[in-house]
>>> print(open('upload-v7.cif').read())   # mmCIF, C-alpha atoms and all ligand atoms
data_data
loop_
_atom_site.label_atom_id
_atom_site.label_comp_id
_atom_site.auth_asym_id
_atom_site.auth_seq_id
_atom_site.Cartn_x
_atom_site.Cartn_y
_atom_site.Cartn_z
CA MET E 1 0.00 0.00 0.00
CA ASN E 2 1.36 3.43 -0.78
CA ARG E 3 1.37 6.23 1.77
CA ILE E 4 -1.90 7.86 0.69
CA GLU E 5 -3.72 4.53 0.48
CA LEU E 6 -2.50 3.68 3.97
CA ILE E 7 -3.69 7.02 5.37
CA ARG E 8 -7.14 6.42 3.89
CA ALA E 9 -7.27 2.81 5.14
CA LEU E 10 -6.13 3.47 8.71
CA PRO E 11 -8.86 3.64 11.34
CA LYS E 12 -8.30 6.84 13.32
CA ALA E 13 -9.58 8.60 16.43
CA GLU E 14 -9.93 12.37 16.47
CA LEU E 15 -9.24 13.95 19.85
CA HIS E 16 -9.01 17.64 19.03
CA VAL E 17 -11.80 19.13 16.96
CA HIS E 18 -13.99 22.11 17.86
CA ILE E 19 -17.48 21.50 16.55
CA GLU E 20 -17.89 25.24 15.88
CA GLY E 21 -14.70 24.97 13.80
CA THR E 22 -16.26 22.41 11.46
CA PHE E 23 -18.87 24.95 10.32
CA GLU E 24 -18.55 24.97 6.52
CA PRO E 25 -19.44 28.27 4.82
CA GLU E 26 -22.20 26.67 2.74
CA LEU E 27 -23.97 25.36 5.84
CA MET E 28 -23.36 28.68 7.63
CA PHE E 29 -25.14 30.56 4.84
CA ALA E 30 -28.01 28.05 4.79
CA ILE E 31 -28.56 28.25 8.55
CA ALA E 32 -28.19 32.05 8.56
CA GLN E 33 -30.90 32.26 5.91
CA ARG E 34 -33.36 29.99 7.69
CA ASN E 35 -32.79 31.88 10.96
CA GLN E 36 -32.96 35.23 9.16
CA ILE E 37 -29.62 36.34 10.54
CA GLU E 38 -27.40 38.66 8.48
CA ILE E 39 -23.77 37.73 7.99
CA PRO E 40 -21.39 40.45 6.90
CA TYR E 41 -20.30 38.62 3.72
CA LYS E 42 -22.16 38.54 0.41
CA SER E 43 -21.17 35.05 -0.64
CA VAL E 44 -19.42 31.84 0.36
CA GLU E 45 -16.42 32.99 -1.71
CA GLU E 46 -16.24 36.34 0.06
CA LEU E 47 -16.44 34.60 3.44
CA LYS E 48 -13.66 32.18 2.49
CA GLN E 49 -11.47 35.11 1.50
CA ALA E 50 -11.66 36.34 5.08
CA TYR E 51 -10.02 33.07 6.23
CA ASN E 52 -6.60 34.63 6.17
CA PHE E 53 -5.18 34.46 9.64
CA HIS E 54 -1.93 35.73 11.14
CA ASN E 55 -2.36 34.42 14.68
CA LEU E 56 -4.86 32.68 16.97
CA GLN E 57 -6.86 35.82 17.80
CA SER E 58 -7.38 36.81 14.16
CA PHE E 59 -8.96 33.38 13.65
CA LEU E 60 -11.02 33.41 16.85
CA ASP E 61 -12.69 36.72 15.90
CA ILE E 62 -14.10 35.15 12.71
CA TYR E 63 -14.83 31.81 14.36
CA TYR E 64 -17.01 33.40 17.07
CA ALA E 65 -18.80 35.58 14.50
CA GLY E 66 -19.66 32.49 12.42
CA ALA E 67 -21.10 30.68 15.45
CA ASN E 68 -23.63 33.50 15.93
CA VAL E 69 -26.01 32.03 13.36
CA LEU E 70 -26.52 28.86 15.45
CA VAL E 71 -29.79 29.27 17.35
CA HIS E 72 -31.99 26.17 17.35
CA GLU E 73 -31.32 22.62 18.49
CA GLN E 74 -31.57 21.50 14.86
CA ASP E 75 -28.76 23.94 13.91
CA PHE E 76 -26.41 22.22 16.36
CA TYR E 77 -27.55 18.84 15.11
CA ASP E 78 -26.89 19.79 11.47
CA LEU E 79 -23.47 21.19 12.35
CA ALA E 80 -22.40 17.99 14.10
CA TRP E 81 -23.98 15.71 11.50
CA ALA E 82 -22.01 17.39 8.70
CA TYR E 83 -18.82 16.72 10.67
CA PHE E 84 -19.72 13.04 11.17
CA GLU E 85 -20.14 12.65 7.41
CA LYS E 86 -16.55 13.92 7.02
CA CYS E 87 -15.44 11.42 9.69
CA ALA E 88 -17.00 8.60 7.70
CA GLU E 89 -15.11 9.69 4.55
CA ASP E 90 -11.80 9.84 6.45
CA LYS E 91 -12.19 6.61 8.44
CA VAL E 92 -12.38 8.48 11.73
CA VAL E 93 -14.16 5.77 13.72
CA HIS E 94 -14.08 7.51 17.10
CA THR E 95 -14.12 11.20 17.96
CA GLU E 96 -14.04 13.32 21.12
CA ILE E 97 -15.57 16.64 20.18
CA PHE E 98 -15.05 20.01 21.87
CA PHE E 99 -17.96 22.38 22.22
CA ASP E 100 -17.94 25.91 23.61
CA PRO E 101 -21.24 26.45 25.48
CA GLN E 102 -20.35 30.01 26.50
CA THR E 103 -20.19 31.11 22.86
CA HIS E 104 -23.89 30.32 22.72
CA THR E 105 -25.22 30.87 26.26
CA ASP E 106 -23.75 34.41 26.21
CA ARG E 107 -26.10 35.09 23.24
CA GLY E 108 -29.13 33.83 25.15
CA ILE E 109 -29.16 30.28 23.74
CA ALA E 110 -29.97 27.70 26.44
CA PHE E 111 -27.23 25.21 27.38
CA GLU E 112 -29.74 22.41 26.75
CA THR E 113 -30.39 23.59 23.18
CA VAL E 114 -26.70 23.28 22.34
CA PHE E 115 -26.18 20.05 24.22
CA ASN E 116 -29.33 18.27 22.98
CA GLY E 117 -28.60 19.04 19.32
CA LEU E 118 -25.02 17.80 19.56
CA LYS E 119 -25.94 14.74 21.60
CA ARG E 120 -28.67 13.65 19.19
CA ALA E 121 -26.18 13.84 16.32
CA CYS E 122 -23.68 11.74 18.35
CA THR E 123 -26.34 9.08 18.89
CA ASP E 124 -27.19 9.05 15.18
CA ALA E 125 -23.49 8.83 14.26
CA GLN E 126 -23.25 5.59 16.23
CA VAL E 127 -26.47 4.13 14.83
CA LYS E 128 -26.19 5.21 11.20
CA LEU E 129 -22.43 5.45 10.61
CA GLY E 130 -20.93 3.20 13.31
CA ILE E 131 -18.87 6.14 14.62
CA SER E 132 -18.50 6.49 18.39
CA ALA E 133 -18.48 10.03 19.69
CA GLU E 134 -17.98 11.76 23.05
CA LEU E 135 -18.41 15.40 24.01
CA ILE E 136 -15.82 17.57 25.79
CA MET E 137 -17.11 20.85 27.19
CA CYS E 138 -14.58 23.68 26.95
CA PHE E 139 -14.36 26.80 29.09
CA LEU E 140 -13.44 29.96 27.21
CA ARG E 141 -10.24 31.12 28.89
CA HIS E 142 -10.65 34.79 27.90
CA LEU E 143 -13.72 34.84 30.18
CA SER E 144 -13.63 34.81 33.99
CA GLU E 145 -13.20 31.98 36.45
CA GLU E 146 -16.68 32.84 37.75
CA ALA E 147 -18.19 32.37 34.28
CA ALA E 148 -16.46 28.99 34.02
CA PHE E 149 -17.96 27.94 37.37
CA GLU E 150 -21.42 28.95 36.10
CA THR E 151 -20.91 26.89 32.95
CA LEU E 152 -19.79 23.90 34.99
CA ALA E 153 -22.96 24.18 37.08
CA GLN E 154 -25.07 24.18 33.89
CA ALA E 155 -23.31 21.02 32.73
CA LEU E 156 -23.80 19.03 35.93
CA PRO E 157 -27.25 17.64 35.01
CA PHE E 158 -25.59 16.19 31.89
CA LYS E 159 -22.36 15.09 33.47
CA ASP E 160 -22.80 11.43 32.57
CA GLN E 161 -22.97 12.43 28.92
CA ILE E 162 -19.96 14.78 28.85
CA ILE E 163 -16.73 12.87 29.12
CA ALA E 164 -14.36 15.70 29.93
CA VAL E 165 -13.91 19.43 30.36
CA GLY E 166 -11.37 21.42 28.37
CA LEU E 167 -9.93 24.91 28.06
CA ASP E 168 -9.71 26.88 24.81
CA SER E 169 -9.78 30.36 23.22
CA SER E 170 -7.13 33.10 23.55
CA GLU E 171 -4.14 31.48 25.22
CA LEU E 172 -1.68 34.32 25.79
CA GLY E 173 -2.42 36.17 29.02
CA HIS E 174 -4.86 33.49 30.19
CA PRO E 175 -2.68 30.79 31.77
CA PRO E 176 -4.08 27.50 33.07
CA ALA E 177 -3.53 28.78 36.64
CA LYS E 178 -6.58 31.05 36.18
CA PHE E 179 -8.78 27.92 36.08
CA GLU E 180 -7.12 25.78 38.75
CA ARG E 181 -10.12 25.83 41.09
CA VAL E 182 -12.80 25.18 38.49
CA PHE E 183 -10.79 22.25 37.10
CA ALA E 184 -10.44 20.84 40.63
CA LYS E 185 -14.22 21.00 40.99
CA ALA E 186 -14.73 19.40 37.56
CA ARG E 187 -12.40 16.52 38.50
CA GLU E 188 -14.24 16.11 41.79
CA GLU E 189 -17.49 15.79 39.81
CA GLY E 190 -15.95 12.96 37.78
CA PHE E 191 -14.97 14.72 34.56
CA LEU E 192 -11.74 13.86 32.80
CA VAL E 193 -9.77 17.02 31.97
CA VAL E 194 -7.82 18.37 29.01
CA ALA E 195 -6.53 21.85 28.17
CA HIS E 196 -5.07 23.78 25.26
CA ALA E 197 -1.51 24.71 26.25
CA GLY E 198 1.68 25.44 24.37
CA GLU E 199 -0.05 26.39 21.12
CA GLU E 200 0.88 30.09 21.17
CA GLY E 201 1.63 30.14 24.88
CA PRO E 202 5.00 29.16 26.38
CA ALA E 203 6.13 25.79 27.75
CA GLU E 204 5.38 27.20 31.21
CA TYR E 205 1.64 26.92 30.40
CA VAL E 206 2.10 23.20 29.68
CA TRP E 207 3.71 22.74 33.11
CA GLU E 208 0.70 24.51 34.64
CA ALA E 209 -1.74 22.33 32.71
CA LEU E 210 0.03 19.25 34.11
CA ASP E 211 0.65 20.42 37.68
CA LEU E 212 -2.34 22.66 38.39
CA LEU E 213 -5.11 21.37 36.14
CA LYS E 214 -3.87 17.73 36.27
CA VAL E 215 -4.83 17.13 32.65
CA ASN E 216 -5.24 13.71 31.04
CA ARG E 217 -4.04 15.14 27.70
CA VAL E 218 -2.48 18.37 26.46
CA ASP E 219 -4.10 19.99 23.42
CA HIS E 220 -1.46 21.22 20.96
CA GLY E 221 1.57 21.34 23.30
CA VAL E 222 3.95 21.83 20.37
CA ARG E 223 5.91 24.56 22.19
CA SER E 224 6.91 21.93 24.80
CA GLU E 225 9.88 21.29 22.53
CA GLU E 226 11.45 24.51 23.81
CA ASP E 227 11.92 22.95 27.28
CA PRO E 228 13.94 19.69 27.43
CA LYS E 229 12.90 19.00 31.05
CA LEU E 230 9.26 19.25 30.03
CA LEU E 231 9.80 16.90 27.10
CA GLU E 232 11.42 14.39 29.47
CA ARG E 233 8.35 14.54 31.68
CA LEU E 234 5.87 14.19 28.81
CA ILE E 235 7.76 11.12 27.57
CA ALA E 236 8.05 9.55 31.04
CA GLU E 237 4.34 10.04 31.73
CA LYS E 238 3.23 9.05 28.21
CA MET E 239 1.26 12.28 28.20
CA PRO E 240 -0.59 12.65 24.90
CA LEU E 241 -0.30 15.83 22.83
CA THR E 242 -3.18 16.38 20.41
CA VAL E 243 -1.28 18.06 17.59
CA CYS E 244 -3.05 19.92 14.76
CA PRO E 245 -0.67 20.41 11.83
CA LEU E 246 -2.80 22.43 9.38
CA SER E 247 -3.99 24.63 12.25
CA ASN E 248 -0.40 25.35 13.25
CA LEU E 249 0.40 26.32 9.67
CA LYS E 250 -2.68 28.54 9.18
CA LEU E 251 -2.21 30.32 12.52
CA CYS E 252 1.52 30.86 11.86
CA VAL E 253 2.66 28.70 14.79
CA VAL E 254 4.97 27.22 12.12
CA ASP E 255 6.05 28.99 8.91
CA ASP E 256 6.31 25.88 6.77
CA MET E 257 4.94 22.35 7.20
CA ALA E 258 8.44 21.01 6.48
CA GLU E 259 9.47 22.64 9.79
CA HIS E 260 6.67 21.11 11.85
CA ASN E 261 7.99 19.30 14.93
CA ILE E 262 5.49 16.42 15.02
CA GLN E 263 7.95 13.94 13.50
CA ARG E 264 10.79 15.03 15.81
CA LEU E 265 8.48 14.68 18.82
CA LEU E 266 7.30 11.25 17.63
CA GLN E 267 10.88 10.04 17.13
CA GLN E 268 11.84 11.21 20.63
CA GLY E 269 9.01 9.16 22.10
CA VAL E 270 6.41 11.84 22.80
CA HIS E 271 2.86 10.52 22.52
CA VAL E 272 1.70 12.75 19.64
CA THR E 273 -1.58 12.39 17.74
CA VAL E 274 -2.91 14.04 14.54
CA ASN E 275 -6.07 16.16 14.60
CA SER E 276 -7.91 18.80 12.58
CA ASP E 277 -8.80 21.47 15.23
CA ASP E 278 -11.04 23.74 13.11
CA PRO E 279 -11.07 21.96 9.75
CA SER E 280 -13.49 24.26 7.95
CA TYR E 281 -11.19 27.21 8.62
CA PHE E 282 -7.77 25.58 8.28
CA GLY E 283 -8.05 23.74 4.98
CA GLY E 284 -8.81 20.18 5.87
CA TYR E 285 -10.13 17.33 7.95
CA MET E 286 -8.24 14.37 9.42
CA ASN E 287 -6.84 12.83 6.25
CA ASP E 288 -5.79 16.22 4.88
CA ASN E 289 -3.76 16.71 8.06
CA PHE E 290 -2.17 13.27 7.72
CA ILE E 291 -1.37 13.83 4.04
CA ALA E 292 0.13 17.28 4.69
CA ILE E 293 2.62 15.99 7.27
CA ALA E 294 3.29 12.71 5.44
CA GLU E 295 4.33 14.60 2.32
CA SER E 296 6.14 17.54 3.92
CA LEU E 297 8.04 15.41 6.44
CA ASP E 298 8.36 12.23 4.37
CA LEU E 299 6.74 10.08 7.06
CA SER E 300 7.16 6.32 6.75
CA ASN E 301 4.26 3.87 6.78
CA ALA E 302 5.45 2.73 10.22
CA GLU E 303 5.26 6.32 11.50
CA LEU E 304 1.76 6.76 10.07
CA LYS E 305 0.60 3.57 11.78
CA LYS E 306 2.16 4.70 15.05
CA LEU E 307 0.28 8.01 14.84
CA ALA E 308 -3.01 6.19 14.24
CA LYS E 309 -2.32 3.84 17.15
CA ASN E 310 -1.46 6.78 19.40
CA SER E 311 -4.86 8.31 18.64
CA PHE E 312 -6.68 5.32 20.12
CA GLU E 313 -4.27 4.89 23.02
CA ALA E 314 -4.74 8.55 23.98
CA SER E 315 -8.53 8.37 23.63
CA PHE E 316 -11.06 7.84 26.42
CA ILE E 317 -12.41 4.53 25.03
CA THR E 318 -12.11 1.25 26.98
CA ASP E 319 -9.00 -0.94 26.88
CA VAL E 320 -10.96 -3.62 25.04
CA GLU E 321 -11.91 -1.13 22.32
CA LYS E 322 -8.32 0.10 22.16
CA GLN E 323 -7.05 -3.44 21.59
CA LYS E 324 -9.58 -3.97 18.81
CA TRP E 325 -8.33 -0.92 16.87
CA MET E 326 -4.65 -1.74 17.51
CA GLN E 327 -5.16 -5.16 15.93
CA GLN E 328 -6.90 -3.65 12.90
CA ILE E 329 -4.01 -1.23 12.42
CA ASP E 330 -1.40 -3.98 12.82
CA ALA E 331 -3.21 -6.04 10.19
CA LEU E 332 -2.72 -3.32 7.54
CA ALA E 333 0.26 -3.76 5.24
N1 LIG S 1 -10.91 27.48 19.73
C1 LIG S 1 -11.08 26.93 18.52
N2 LIG S 1 -9.90 26.63 17.98
C2 LIG S 1 -8.95 26.96 18.89
C3 LIG S 1 -7.55 26.87 18.93
N3 LIG S 1 -6.83 26.37 17.93
N4 LIG S 1 -6.91 27.33 20.03
C4 LIG S 1 -7.60 27.84 21.04
N5 LIG S 1 -8.93 27.95 21.05
C5 LIG S 1 -9.60 27.51 19.99
ZN ZN S 2 -8.12 23.62 19.44
#
>>> encode(input="upload-v7.cif", output="structure tokens")
Amino acid sequence: MNRIELIRALPKAELHVHIEGTFEPELMFAIAQRNQIEIPYKSVEELKQAYNFHNLQSFLDIYYAGANVLVHEQDFYDLAWAYFEKCAEDKVVHTEIFFDPQTHTDRGIAFETVFNGLKRACTDAQVKLGISAELIMCFLRHLSEEAAFETLAQALPFKDQIIAVGLDSSELGHPPAKFERVFAKAREEGFLVVAHAGEEGPAEYVWEALDLLKVNRVDHGVRSEEDPKLLERLIAEKMPLTVCPLSNLKLCVVDDMAEHNIQRLLQQGVHVTVNSDDPSYFGGYMNDNFIAIAESLDLSNAELKKLAKNSFEASFITDVEKQKWMQQIDALA
């Protein structure tokens, strides 16, 4: 099997995707129209031309604006369902999806409206496509600790259906330490925990995510490479990093895919995985991310298989399920 065939054939788990970041312009226009909400772009083409980012914040401004057209439970269902169809095309058989309730509740949309739409799509993904899906609720780190506590309280009635809490949005100036207490409470309530750290922020934020938030995975974490002691710790603890190559390129975390550190991290023994982050905005879903790094970094078939295996190992599925996917990957040529 050649490299591209192998990428397509490998079963994969996606562990870092923001559902609001899968919002394709065509669906955004359709939902805006049915909800009679104006968007400040005349056409899909004009909107796509605005997808020209120079850092995380320049992306987030457009990403939050796009999410404003989501109002009804069916809108959230349609958003998630469109993503599951992409998963099916890319052989993503398991996914752990971030959602940002505050982006919606701050506009007067009920938490339940968001949650019920997403959850119903997850159930249908299992039944109709055989894709397993979990939800991870993220706190927006540019908002206050108090607002995060309120969001956690809103999630408690659904806590058996939300596998983890996470932390996203503007990283610089909003270190993990700001959310130490709310993460402690979330862990007490039984949630697993993850956090974006070391995307634009320094290695110090990754230390905080580990020591203060006690995360089960680090989202991005690519700047950990700047701190050899931190790398040693990540390797010793088999701490997964959910790396997002096309995102890093589009947000200028790296200047060129040929300079991306995912292969160096993998070869040093860091538990890296491949993910799409905000695929509608960054130029591709799971397989596009795999193909981009495979070609730019000349990844071997063995490295591609290792990355796919890492995705299941780092996921929150059972050990029995993990073994099943490992065997399927091993069986591929
Ligand atoms: N929200 C959506 N995408 C994000 C990213 N790449 N980093 C931080 N917050 C985000
Ligand atoms: Zn992200």
>>> closest_residue(input="upload-v7.cif", among="E:Gly108, E:Gly283, E:Pro175, E:Pro101", to="Ala153 in chain E", atoms="all atoms listed in the file")
E:Pro101
>>> closest_residue(input="upload-v7.cif", among="E:Gln263, E:Ser144, E:Ser315, E:Gln327", to="Phe179 in chain E", atoms="only C-alpha atoms")
E:Ser144
>>> residues_around(input="upload-v7.cif", residues="Lys214 in chain E", least_positions_apart="5", cutoff="10 Å", atoms="only C-alpha atoms", output="number ranges by chain")
E: 180, 183-184, 187, 192-195, 207-209
>>> write_last_selection(input="upload-v7.cif", atoms="C-alpha atoms", output="compact mmCIF listing (two decimals), in the coordinates of the input")
# COMPACT_ATOMS: atom_id res chain seq x y z
CA GLU E 180 -7.12 25.78 38.75
CA PHE E 183 -10.79 22.25 37.10
CA ALA E 184 -10.44 20.84 40.63
CA ARG E 187 -12.40 16.52 38.50
CA LEU E 192 -11.74 13.86 32.80
CA VAL E 193 -9.77 17.02 31.97
CA VAL E 194 -7.82 18.37 29.01
CA ALA E 195 -6.53 21.85 28.17
CA TRP E 207 3.71 22.74 33.11
CA GLU E 208 0.70 24.51 34.64
CA ALA E 209 -1.74 22.33 32.71
>>> atom_distance(input="upload-v7.cif", atom1="CA of Thr242 in chain E", atom2="CA of Gln49 in chain E")
27.9 Å
>>> atom_distance(input="upload-v7.cif", atom1="CA of Glu225 in chain E", atom2="CA of Ala302 in chain E")
22.7 Å
>>> residues_near_ligand(input="upload-v7.cif", ligand="ligand LIG 1 (chain S)", cutoff="6 Å", atoms="all atoms listed in the file", output="list in words")
His18, Asp168, Ser169, Ser170, Asp277 and Asp278 of chain E
>>> closest_residue(input="upload-v7.cif", among="E:Asn261, E:Ser43, E:Thr22, E:Gln323", to="ligand ZN 2 (chain S)", atoms="all atoms listed in the file")
E:Thr22
>>> closest_residue(input="upload-v7.cif", among="E:Asn301, E:Asn287, E:Gln328, E:Ser247", to="ligand ZN 2 (chain S)", atoms="only C-alpha atoms and all ligand atoms")
E:Ser247
>>> closest_residue(input="upload-v7.cif", among="E:Val218, E:Leu210, E:Ile317, E:Leu332", to="Ala197 in chain E", atoms="all atoms listed in the file")
E:Val218
>>> residues_around(input="upload-v7.cif", residues="Leu135 in chain E", least_positions_apart="5", cutoff="9 Å", atoms="all atoms listed in the file", output="list in words")
Thr95, Glu96, Ile97, Phe98, Phe99, Leu118, Lys119, Cys122, Gln161, Ile162, Ile163, Ala164 and Val165 of chain E
>>> atom_distance(input="upload-v7.cif", atom1="CA of Phe282 in chain E", atom2="CA of Gly21 in chain E")
8.9 Å
>>> closest_residue(input="upload-v7.cif", among="E:Glu200, E:Cys244, E:Lys12, E:Arg264", to="Leu231 in chain E", atoms="all atoms listed in the file")
E:Arg264
>>> residues_around(input="upload-v7.cif", residues="Tyr285 in chain E", least_positions_apart="6", cutoff="10 Å", atoms="all atoms listed in the file", output="list in words")
Glu14, Val17, Thr22, Tyr83, Lys86, Cys87, Glu89, Asp90, Val92, Leu246, Asn275, Ser276, Asp277, Asp278 and Pro279 of chain E
>>> axis_aligned_box(input="upload-v7.cif", around="range 279-297 of chain E", padding_each_side="5 Å", output="AutoDock Vina command-line options")
--center_x -2.7 --center_y 20.0 --center_z 6.0 --size_x 31.5 --size_y 24.5 --size_z 17.4
>>> residues_around(input="upload-v7.cif", residues="range 201-203 of chain E", least_positions_apart="5", cutoff="8 Å", atoms="all atoms listed in the file", output="ChimeraX atom specification")
/E:171-172,221,223-227,230
>>> residues_around(input="upload-v7.cif", residues="Glu232 in chain E", least_positions_apart="3", cutoff="12 Å", atoms="all atoms listed in the file", output="VMD selection string")
chain E and resid 207 224 to 229 235 to 239 265 268 to 271
>>> residues_near_point(input="upload-v7.cif", point="(-23.9, 28.4, 32.3)", cutoff="10 Å", atoms="only C-alpha atoms", output="PDB file with C-alpha atoms, keeping the file's coordinate frame")
ATOM      1  CA  PRO E 101     -21.240  26.450  25.480  1.00  0.00           C
ATOM      2  CA  GLN E 102     -20.350  30.010  26.500  1.00  0.00           C
ATOM      3  CA  HIS E 104     -23.890  30.320  22.720  1.00  0.00           C
ATOM      4  CA  THR E 105     -25.220  30.870  26.260  1.00  0.00           C
ATOM      5  CA  ASP E 106     -23.750  34.410  26.210  1.00  0.00           C
ATOM      6  CA  ALA E 110     -29.970  27.700  26.440  1.00  0.00           C
ATOM      7  CA  PHE E 111     -27.230  25.210  27.380  1.00  0.00           C
ATOM      8  CA  ALA E 147     -18.190  32.370  34.280  1.00  0.00           C
ATOM      9  CA  ALA E 148     -16.460  28.990  34.020  1.00  0.00           C
ATOM     10  CA  PHE E 149     -17.960  27.940  37.370  1.00  0.00           C
ATOM     11  CA  GLU E 150     -21.420  28.950  36.100  1.00  0.00           C
ATOM     12  CA  THR E 151     -20.910  26.890  32.950  1.00  0.00           C
ATOM     13  CA  LEU E 152     -19.790  23.900  34.990  1.00  0.00           C
ATOM     14  CA  ALA E 153     -22.960  24.180  37.080  1.00  0.00           C
ATOM     15  CA  GLN E 154     -25.070  24.180  33.890  1.00  0.00           C
ATOM     16  CA  ALA E 155     -23.310  21.020  32.730  1.00  0.00           C
TER      17      ALA E 155
END
>>> decode(input="upload-v7.cif", residues="range 104-118 of chain E", atoms="N, CA and C atoms", output="short mmCIF file (atom, residue, chain, number, x, y, z; two decimals), in the first residue's frame")
data_model
loop_
_atom_site.label_atom_id
_atom_site.label_comp_id
_atom_site.auth_asym_id
_atom_site.auth_seq_id
_atom_site.Cartn_x
_atom_site.Cartn_y
_atom_site.Cartn_z
N HIS E 104 -22.47 30.34 23.04
CA HIS E 104 -23.89 30.32 22.72
C HIS E 104 -24.73 30.85 23.90
N THR E 105 -24.41 30.42 25.12
CA THR E 105 -25.22 30.87 26.26
C THR E 105 -25.08 32.39 26.45
N ASP E 106 -23.93 32.96 26.10
CA ASP E 106 -23.75 34.41 26.21
C ASP E 106 -24.63 35.17 25.22
N ARG E 107 -25.19 34.45 24.21
CA ARG E 107 -26.10 35.09 23.24
C ARG E 107 -27.55 34.77 23.58
N GLY E 108 -27.77 34.12 24.73
CA GLY E 108 -29.13 33.83 25.15
C GLY E 108 -29.64 32.46 24.71
N ILE E 109 -28.76 31.64 24.13
CA ILE E 109 -29.16 30.28 23.74
C ILE E 109 -29.02 29.39 24.99
N ALA E 110 -30.02 28.55 25.24
CA ALA E 110 -29.97 27.70 26.44
C ALA E 110 -28.90 26.61 26.28
N PHE E 111 -28.23 26.28 27.38
CA PHE E 111 -27.23 25.21 27.38
C PHE E 111 -27.83 23.94 26.79
N GLU E 112 -29.08 23.64 27.19
CA GLU E 112 -29.74 22.41 26.75
C GLU E 112 -29.92 22.37 25.23
N THR E 113 -30.19 23.52 24.64
CA THR E 113 -30.39 23.59 23.18
C THR E 113 -29.12 23.13 22.47
N VAL E 114 -27.99 23.64 22.93
CA VAL E 114 -26.70 23.28 22.34
C VAL E 114 -26.44 21.80 22.58
N PHE E 115 -26.53 21.42 23.84
CA PHE E 115 -26.18 20.05 24.22
C PHE E 115 -27.09 19.02 23.52
N ASN E 116 -28.40 19.27 23.53
CA ASN E 116 -29.33 18.27 22.98
C ASN E 116 -29.12 18.08 21.48
N GLY E 117 -28.85 19.16 20.76
CA GLY E 117 -28.60 19.04 19.32
C GLY E 117 -27.35 18.22 19.04
N LEU E 118 -26.28 18.52 19.77
CA LEU E 118 -25.02 17.80 19.56
C LEU E 118 -25.16 16.33 19.95
#
